[in-house]
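Asks: Structure file data_28.pdb, PDB, C-alpha atoms, is pasted below:
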```pdb
ATOM      1  CA  MET A   1     -91.584 -11.710 -45.461
ATOM      2  CA  ALA A   2     -92.352 -12.698 -41.892
ATOM      3  CA  ALA A   3     -90.778 -15.992 -40.940
ATOM      4  CA  ALA A   4     -92.199 -16.195 -37.428
ATOM      5  CA  HIS A   5     -95.701 -17.597 -37.395
ATOM      6  CA  GLY A   6     -98.420 -19.270 -35.408
ATOM      7  CA  THR A   7     -99.757 -22.776 -35.929
ATOM      8  CA  ASP A   8    -101.995 -21.579 -38.789
ATOM      9  CA  GLY A   9     -99.087 -19.914 -40.607
ATOM     10  CA  THR A  10    -100.106 -16.383 -39.640
ATOM     11  CA  ASN A  11     -99.007 -13.846 -37.061
ATOM     12  CA  SER A  12    -102.472 -13.578 -35.523
ATOM     13  CA  GLN A  13    -101.193 -14.711 -32.145
ATOM     14  CA  LYS A  14     -99.062 -12.523 -29.949
ATOM     15  CA  THR A  15     -95.424 -13.495 -30.366
ATOM     16  CA  PRO A  16     -93.979 -14.944 -27.134
ATOM     17  CA  ALA A  17     -91.448 -12.521 -25.648
ATOM     18  CA  ASP A  18     -88.660 -15.089 -25.310
ATOM     19  CA  PHE A  19     -89.105 -16.275 -28.897
ATOM     20  CA  GLY A  20     -89.136 -12.667 -30.095
ATOM     21  CA  ALA A  21     -85.898 -11.996 -28.219
ATOM     22  CA  ALA A  22     -84.260 -15.072 -29.773
ATOM     23  CA  VAL A  23     -85.347 -14.034 -33.272
ATOM     24  CA  ALA A  24     -84.052 -10.492 -32.736
ATOM     25  CA  SER A  25     -80.633 -11.824 -31.769
ATOM     26  CA  LEU A  26     -80.508 -14.024 -34.887
ATOM     27  CA  ARG A  27     -81.460 -11.095 -37.107
ATOM     28  CA  ALA A  28     -78.685  -8.992 -35.574
ATOM     29  CA  ALA A  29     -75.961 -11.625 -36.021
ATOM     30  CA  ARG A  30     -73.077 -10.815 -38.379
ATOM     31  CA  PRO A  31     -71.072 -13.842 -39.574
ATOM     32  CA  ARG A  32     -67.740 -13.756 -41.386
ATOM     33  CA  PRO A  33     -67.844 -11.873 -44.732
ATOM     34  CA  GLU A  34     -67.935 -14.991 -46.899
ATOM     35  CA  ILE A  35     -71.267 -16.087 -45.373
ATOM     36  CA  GLU A  36     -74.442 -14.306 -46.419
ATOM     37  CA  LEU A  37     -77.509 -14.841 -44.228
ATOM     38  CA  THR A  38     -81.029 -14.200 -45.514
ATOM     39  CA  VAL A  39     -84.352 -14.496 -43.719
ATOM     40  CA  THR A  40     -86.566 -17.023 -45.490
ATOM     41  CA  ARG A  41     -89.973 -18.588 -45.047
ATOM     42  CA  ALA A  42     -90.065 -20.939 -42.067
ATOM     43  CA  PRO A  43     -91.830 -24.317 -41.989
ATOM     44  CA  GLN A  44     -95.352 -23.963 -40.631
ATOM     45  CA  ARG A  45     -96.095 -27.391 -39.185
ATOM     46  CA  LEU A  46     -93.098 -28.279 -37.065
ATOM     47  CA  ALA A  47     -93.864 -25.987 -34.129
ATOM     48  CA  PRO A  48     -96.241 -23.192 -33.077
ATOM     49  CA  TRP A  49     -93.496 -20.648 -33.795
ATOM     50  CA  ALA A  50     -90.569 -20.770 -36.218
ATOM     51  CA  PHE A  51     -87.946 -18.545 -37.788
ATOM     52  CA  ALA A  52     -85.598 -19.515 -40.615
ATOM     53  CA  LEU A  53     -82.341 -18.307 -42.135
ATOM     54  CA  GLU A  54     -80.707 -19.345 -45.382
ATOM     55  CA  ALA A  55     -76.940 -19.138 -45.795
ATOM     56  CA  ALA A  56     -74.724 -18.983 -48.867
ATOM     57  CA  VAL A  57     -70.944 -19.302 -48.657
ATOM     58  CA  CYS A  58     -68.881 -17.707 -51.439
ATOM     59  CA  ASP A  59     -65.188 -17.271 -52.037
ATOM     60  CA  GLY A  60     -63.487 -14.030 -53.023
ATOM     61  CA  ASP A  61     -64.392 -14.584 -56.694
ATOM     62  CA  GLY A  62     -68.093 -15.005 -55.946
ATOM     63  CA  GLU A  63     -68.086 -18.780 -56.476
ATOM     64  CA  ASP A  64     -70.632 -20.683 -54.408
ATOM     65  CA  LEU A  65     -68.891 -23.053 -52.007
ATOM     66  CA  ALA A  66     -71.730 -24.250 -49.777
ATOM     67  CA  ASP A  67     -75.245 -23.403 -48.691
ATOM     68  CA  GLY A  68     -77.467 -24.156 -45.744
ATOM     69  CA  ARG A  69     -80.589 -23.455 -43.755
ATOM     70  CA  LEU A  70     -81.060 -22.988 -40.013
ATOM     71  CA  VAL A  71     -84.525 -23.042 -38.434
ATOM     72  CA  LEU A  72     -85.378 -21.993 -34.888
ATOM     73  CA  LEU A  73     -88.481 -23.729 -33.529
ATOM     74  CA  HIS A  74     -90.369 -22.751 -30.394
ATOM     75  CA  ASP A  75     -93.192 -24.403 -28.471
ATOM     76  CA  PRO A  76     -94.190 -22.350 -25.404
ATOM     77  CA  GLU A  77     -95.625 -25.485 -23.782
ATOM     78  CA  GLY A  78     -92.451 -27.466 -24.279
ATOM     79  CA  HIS A  79     -91.909 -30.477 -26.522
ATOM     80  CA  GLU A  80     -91.355 -33.959 -25.112
ATOM     81  CA  ALA A  81     -89.002 -35.087 -27.882
ATOM     82  CA  TRP A  82     -86.959 -31.875 -27.673
ATOM     83  CA  LYS A  83     -86.836 -31.881 -23.879
ATOM     84  CA  GLY A  84     -87.158 -28.122 -24.043
ATOM     85  CA  ARG A  85     -89.092 -25.249 -25.581
ATOM     86  CA  PHE A  86     -86.625 -24.416 -28.373
ATOM     87  CA  ARG A  87     -85.131 -26.517 -31.139
ATOM     88  CA  LEU A  88     -82.614 -25.762 -33.892
ATOM     89  CA  VAL A  89     -82.845 -27.656 -37.190
ATOM     90  CA  SER A  90     -80.010 -27.458 -39.712
ATOM     91  CA  LEU A  91     -79.217 -28.380 -43.301
ATOM     92  CA  VAL A  92     -75.761 -27.870 -44.854
ATOM     93  CA  ARG A  93     -74.669 -28.846 -48.378
ATOM     94  CA  ALA A  94     -71.460 -28.571 -50.389
ATOM     95  CA  GLU A  95     -69.856 -30.082 -53.462
ATOM     96  CA  LEU A  96     -66.672 -32.087 -52.993
ATOM     97  CA  GLU A  97     -63.732 -33.359 -54.932
ATOM     98  CA  PRO A  98     -64.342 -37.069 -55.696
ATOM     99  CA  GLU A  99     -61.323 -38.195 -53.672
ATOM    100  CA  LEU A 100     -62.648 -36.380 -50.620
ATOM    101  CA  ALA A 101     -66.112 -37.842 -51.057
ATOM    102  CA  ALA A 102     -64.564 -41.318 -51.065
ATOM    103  CA  ASP A 103     -62.930 -40.847 -47.654
ATOM    104  CA  PRO A 104     -64.647 -43.371 -45.330
ATOM    105  CA  LEU A 105     -64.122 -41.102 -42.314
ATOM    106  CA  LEU A 106     -65.722 -38.033 -43.890
ATOM    107  CA  PRO A 107     -69.167 -38.395 -42.224
ATOM    108  CA  GLU A 108     -67.644 -38.732 -38.754
ATOM    109  CA  VAL A 109     -65.347 -35.771 -39.378
ATOM    110  CA  CYS A 110     -68.227 -33.546 -40.524
ATOM    111  CA  TRP A 111     -70.324 -34.431 -37.479
ATOM    112  CA  SER A 112     -67.366 -33.726 -35.204
ATOM    113  CA  TRP A 113     -67.094 -30.221 -36.670
ATOM    114  CA  LEU A 114     -70.556 -29.383 -35.347
ATOM    115  CA  THR A 115     -70.073 -30.917 -31.917
ATOM    116  CA  GLY A 116     -66.577 -29.452 -31.720
ATOM    117  CA  ALA A 117     -67.944 -25.981 -32.439
ATOM    118  CA  PHE A 118     -70.377 -26.428 -29.534
ATOM    119  CA  THR A 119     -67.584 -27.567 -27.225
ATOM    120  CA  ALA A 120     -65.271 -24.703 -28.212
ATOM    121  CA  ARG A 121     -67.962 -22.195 -27.222
ATOM    122  CA  GLY A 122     -69.100 -24.036 -24.120
ATOM    123  CA  LEU A 123     -72.616 -24.371 -25.549
ATOM    124  CA  ALA A 124     -74.895 -26.630 -23.546
ATOM    125  CA  HIS A 125     -77.278 -28.592 -25.720
ATOM    126  CA  GLY A 126     -79.186 -31.839 -25.727
ATOM    127  CA  GLU A 127     -81.042 -34.382 -27.840
ATOM    128  CA  ALA A 128     -78.709 -33.899 -30.793
ATOM    129  CA  GLY A 129     -79.171 -36.075 -33.845
ATOM    130  CA  GLY A 130     -78.563 -36.007 -37.554
ATOM    131  CA  THR A 131     -77.353 -37.601 -40.753
ATOM    132  CA  VAL A 132     -74.421 -37.086 -43.096
ATOM    133  CA  THR A 133     -75.078 -38.189 -46.681
ATOM    134  CA  ARG A 134     -72.687 -38.463 -49.599
ATOM    135  CA  ALA A 135     -73.987 -38.560 -53.162
ATOM    136  CA  SER A 136     -72.260 -38.896 -56.535
ATOM    137  CA  SER A 137     -73.635 -37.971 -59.949
ATOM    138  CA  HIS A 138     -72.327 -39.492 -63.183
ATOM    139  CA  TYR A 139     -73.540 -38.187 -66.535
ATOM    140  CA  PHE A 140     -74.322 -40.169 -69.685
ATOM    141  CA  GLY A 141     -75.697 -39.698 -73.189
ATOM    142  CA  GLY A 142     -76.175 -36.055 -74.077
ATOM    143  CA  LEU A 143     -74.766 -35.054 -70.681
ATOM    144  CA  ARG A 144     -71.632 -37.183 -70.862
ATOM    145  CA  GLU A 145     -69.386 -34.137 -71.282
ATOM    146  CA  ARG A 146     -70.185 -33.041 -67.744
ATOM    147  CA  PRO A 147     -67.642 -34.101 -65.125
ATOM    148  CA  SER A 148     -68.775 -36.372 -62.313
ATOM    149  CA  ALA A 149     -69.901 -34.489 -59.225
ATOM    150  CA  SER A 150     -69.969 -35.381 -55.543
ATOM    151  CA  GLN A 151     -71.945 -33.673 -52.814
ATOM    152  CA  ILE A 152     -72.157 -33.927 -49.074
ATOM    153  CA  GLU A 153     -75.321 -33.084 -47.163
ATOM    154  CA  MET A 154     -75.564 -32.832 -43.400
ATOM    155  CA  ARG A 155     -78.845 -32.599 -41.514
ATOM    156  CA  ALA A 156     -78.852 -32.032 -37.774
ATOM    157  CA  SER A 157     -81.091 -30.857 -34.962
ATOM    158  CA  TRP A 158     -80.475 -30.124 -31.307
ATOM    159  CA  THR A 159     -82.014 -28.447 -28.266
ATOM    160  CA  PRO A 160     -80.159 -25.327 -27.070
ATOM    161  CA  ARG A 161     -80.251 -25.045 -23.296
ATOM    162  CA  GLU A 162     -82.118 -22.026 -22.031
ATOM    163  CA  SER A 163     -80.527 -19.325 -19.909
ATOM    164  CA  PRO A 164     -82.076 -18.251 -16.578
ATOM    165  CA  SER A 165     -84.019 -15.637 -18.557
ATOM    166  CA  GLY A 166     -85.645 -18.407 -20.568
ATOM    167  CA  VAL A 167     -83.903 -17.465 -23.840
ATOM    168  CA  PRO A 168     -81.124 -19.717 -25.194
ATOM    169  CA  ASP A 169     -77.967 -18.120 -26.561
ATOM    170  CA  VAL A 170     -79.023 -18.685 -30.165
ATOM    171  CA  THR A 171     -76.433 -16.194 -31.436
ATOM    172  CA  ALA A 172     -73.653 -18.465 -30.164
ATOM    173  CA  HIS A 173     -75.366 -21.491 -31.686
ATOM    174  CA  LEU A 174     -75.603 -19.621 -34.993
ATOM    175  CA  ALA A 175     -71.877 -18.861 -34.780
ATOM    176  CA  ALA A 176     -71.152 -22.564 -34.236
ATOM    177  CA  TRP A 177     -73.324 -23.438 -37.223
ATOM    178  CA  CYS A 178     -71.526 -20.848 -39.377
ATOM    179  CA  GLU A 179     -68.241 -22.441 -38.363
ATOM    180  CA  LEU A 180     -69.565 -25.781 -39.626
ATOM    181  CA  LEU A 181     -70.524 -24.094 -42.898
ATOM    182  CA  SER A 182     -67.069 -22.569 -43.218
ATOM    183  CA  GLN A 183     -65.329 -25.887 -42.669
ATOM    184  CA  ILE A 184     -67.500 -27.803 -45.123
ATOM    185  CA  ALA A 185     -66.999 -25.004 -47.674
ATOM    186  CA  GLY A 186     -63.237 -25.281 -47.270
ATOM    187  CA  LEU A 187     -62.706 -21.710 -46.079
ATOM    188  CA  PRO A 188     -59.467 -20.900 -44.262
ATOM    189  CA  PRO A 189     -60.085 -20.914 -40.512
ATOM    190  CA  ALA A 190     -61.025 -17.619 -38.923
ATOM    191  CA  THR A 191     -59.141 -17.533 -35.651
ATOM    192  CA  GLY A 192     -59.242 -15.031 -32.844
ATOM    193  CA  PRO A 193     -57.647 -14.712 -29.407
ATOM    194  CA  GLY A 194     -57.876 -18.029 -27.601
ATOM    195  CA  GLU A 195     -59.351 -19.849 -30.614
ATOM    196  CA  ALA A 196     -57.631 -22.888 -32.036
ATOM    197  CA  ALA A 197     -57.303 -23.275 -35.779
ATOM    198  CA  VAL A 198     -59.503 -25.949 -37.326
ATOM    199  CA  VAL A 199     -59.018 -28.217 -40.305
ATOM    200  CA  SER A 200     -61.365 -27.566 -43.233
ATOM    201  CA  LEU A 201     -62.043 -29.409 -46.459
ATOM    202  CA  PRO A 202     -59.835 -28.159 -49.295
ATOM    203  CA  GLN A 203     -61.664 -25.688 -51.501
ATOM    204  CA  ARG A 204     -63.193 -27.174 -54.619
ATOM    205  CA  ARG A 205     -61.557 -26.683 -57.988
ATOM    206  CA  GLY A 206     -63.614 -25.350 -60.864
ATOM    207  CA  PRO A 207     -67.168 -24.010 -60.968
ATOM    208  CA  ARG A 208     -70.196 -25.828 -59.648
ATOM    209  CA  SER A 209     -72.334 -27.397 -62.354
TER
END
```
Turn this file's structure into structure tokens for me.
Replies:
Amino acid sequence: MAAAHGTDGTNSQKTPADFGAAVASLRAARPRPEIELTVTRAPQRLAPWAFALEAAVCDGDGEDLADGRLVLLHDPEGHEAWKGRFRLVSLVRAELEPELAADPLLPEVCWSWLTGAFTARGLAHGEAGGTVTRASSHYFGGLRERPSASQIEMRASWTPRESPSGVPDVTAHLAAWCELLSQIAGLPPATGPGEAAVVSLPQRRGPRS
């Protein structure tokens, strides 16, 4: 399924070269083994051109730990609110232990994981904004046997700065986003030469309901 489209949801227009190059680099990206990326249908009304990826994070036993969606938007004419021609829009979700969900500093910590991933890679970006939401579910009546569940959801968007060629380093931004996914999922940090270890949420106990 094609995820890049024109304003009418089709590919009738010629794909801009810089957007095509950005999409190609996202398609070629290979995250850590626990993260599976899949091309999915992109929103059709946010920008003239868009490309979307879905992500699922699993542990070694195949248990789902977190999921997310990253959308690359492109407006060849530029967008006043973005202050650029490209925009990245993100959604990340994970279930949490109740004691972690009750931590008053959790939203600030989660947001710092995204901005910290940008800083660690020297990624220039602007007009960043987002929300971190915690939700708890308690079951009653015929569902009372189910344990209470807590979830965190983080939505964010930002403008990646373009290189002299006109194409932002979206592969590096994808890597930063995958790091956020890993931390929210509670995966052990993947460190390489010159990379500092990061603190992640403890992995959840028991299967997701």
Asks: Per residue of range 81-152 of chain A within 6 Å of range 72-75 of chain A, note the shortest atom pair and the distance in Å to one decimal, counting all atoms listed in the file, and order the rows by chain and increasing residue number, as a Markdown table.
Replies:
```
| residue | atom | partner | partner_atom | distance |
| --- | --- | --- | --- | --- |
| A:Arg85 | CA | A:Asp75 | CA | 5.1 |
| A:Phe86 | CA | A:His74 | CA | 4.6 |
| A:Arg87 | CA | A:Leu73 | CA | 5.0 |
| A:Leu88 | CA | A:Leu72 | CA | 4.8 |
```
Asks: Once the PyMOL selection byres ((chain A and resi 22) around 8) has been applied to the shown file, what residues remain in the selection, as a count of residues only?
Replies: 12
Asks: Taking all atoms listed in the file into account, which of A:Gly60, A:Glu54, A:Leu37, A:Gln151 comes nearest Leu100 in chain A?
Replies: A:Gln151
Asks: Near Ala52 in chain A, within 7 Å and counting only C-alpha atoms, which residues show up once chain neighbours fewer than 2 positions away are dropped, as a PyMOL selection string?
Replies: chain A and resi 3+39-42+50+54+70-72
Asks: Can you work out the spacing between CA of Arg134 in chain A and CA of Trp82 in chain A in Å, to one decimal?
Replies: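 Interatomic distance here is 27.0 Å.
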Asks: I'd like the interatomic distance between CA of Arg161 in chain A and CA of Val109 in chain A, to a tenth of an Å.
Replies: 24.4 Å
Asks: Rounded to one decimal, what separation in Å do you get between CA of Gly68 in chain A and CA of Pro33 in chain A?
Replies: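 Computing the Euclidean distance for CA of Gly68 in chain A and CA of Pro33 in chain A yields 15.6 Å.
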Asks: Quick one: of A:Ala17, A:Leu174, A:Ala29, A:Leu181, who's nearest to Leu123 in chain A, counting all atoms listed in the file?
Replies: A:Leu174
Asks: So which one's closest to Gln183 in chain A, A:Arg155, A:Arg121, A:His138, A:Arg93? Using all atoms listed in the file, please.
Replies: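 Counting all atoms listed in the file, the residue closest to Gln183 in chain A is A:Arg93.
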Asks: Please reconstruct the missing atoms of range 138-157 of chain A (target: N, CA and C atoms) and return them as a tab-separated table (two decimals), keeping the file's coordinate frame.
Replies:
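Result file out_12.tsv:
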```
chain	number	residue	atom	x	y	z
A	138	HIS	N	-73.10	-39.16	-61.99
A	138	HIS	CA	-72.33	-39.49	-63.18
A	138	HIS	C	-73.24	-39.27	-64.39
A	139	TYR	N	-72.71	-38.63	-65.42
A	139	TYR	CA	-73.54	-38.19	-66.54
A	139	TYR	C	-73.29	-39.04	-67.78
A	140	PHE	N	-74.39	-39.29	-68.52
A	140	PHE	CA	-74.32	-40.17	-69.68
A	140	PHE	C	-75.12	-39.56	-70.84
A	141	GLY	N	-74.95	-40.15	-72.02
A	141	GLY	CA	-75.70	-39.70	-73.19
A	141	GLY	C	-75.35	-38.27	-73.54
A	142	GLY	N	-76.40	-37.45	-73.70
A	142	GLY	CA	-76.18	-36.06	-74.08
A	142	GLY	C	-75.50	-35.24	-72.99
A	143	LEU	N	-75.41	-35.78	-71.79
A	143	LEU	CA	-74.77	-35.05	-70.68
A	143	LEU	C	-73.38	-35.60	-70.36
A	144	ARG	N	-72.86	-36.49	-71.21
A	144	ARG	CA	-71.63	-37.18	-70.86
A	144	ARG	C	-70.42	-36.26	-70.76
A	145	GLU	N	-70.52	-35.06	-71.35
A	145	GLU	CA	-69.39	-34.14	-71.28
A	145	GLU	C	-69.23	-33.52	-69.90
A	146	ARG	N	-70.28	-33.61	-69.10
A	146	ARG	CA	-70.18	-33.04	-67.74
A	146	ARG	C	-69.30	-33.91	-66.86
A	147	PRO	N	-68.46	-33.30	-66.04
A	147	PRO	CA	-67.64	-34.10	-65.12
A	147	PRO	C	-68.50	-34.67	-64.00
A	148	SER	N	-68.08	-35.79	-63.46
A	148	SER	CA	-68.78	-36.37	-62.31
A	148	SER	C	-68.75	-35.39	-61.15
A	149	ALA	N	-69.80	-35.43	-60.35
A	149	ALA	CA	-69.90	-34.49	-59.22
A	149	ALA	C	-70.24	-35.25	-57.96
A	150	SER	N	-69.70	-34.79	-56.85
A	150	SER	CA	-69.97	-35.38	-55.54
A	150	SER	C	-70.43	-34.30	-54.59
A	151	GLN	N	-71.38	-34.64	-53.76
A	151	GLN	CA	-71.94	-33.67	-52.81
A	151	GLN	C	-72.08	-34.31	-51.44
A	152	ILE	N	-71.90	-33.49	-50.43
A	152	ILE	CA	-72.16	-33.93	-49.07
A	152	ILE	C	-73.30	-33.10	-48.51
A	153	GLU	N	-74.18	-33.75	-47.79
A	153	GLU	CA	-75.32	-33.08	-47.16
A	153	GLU	C	-75.40	-33.52	-45.71
A	154	MET	N	-75.49	-32.55	-44.83
A	154	MET	CA	-75.56	-32.83	-43.40
A	154	MET	C	-76.83	-32.21	-42.83
A	155	ARG	N	-77.64	-33.05	-42.21
A	155	ARG	CA	-78.84	-32.60	-41.51
A	155	ARG	C	-78.66	-32.86	-40.02
A	156	ALA	N	-79.04	-31.88	-39.21
A	156	ALA	CA	-78.85	-32.03	-37.77
A	156	ALA	C	-79.91	-31.22	-37.04
A	157	SER	N	-80.21	-31.64	-35.83
A	157	SER	CA	-81.09	-30.86	-34.96
A	157	SER	C	-80.65	-31.06	-33.53
```
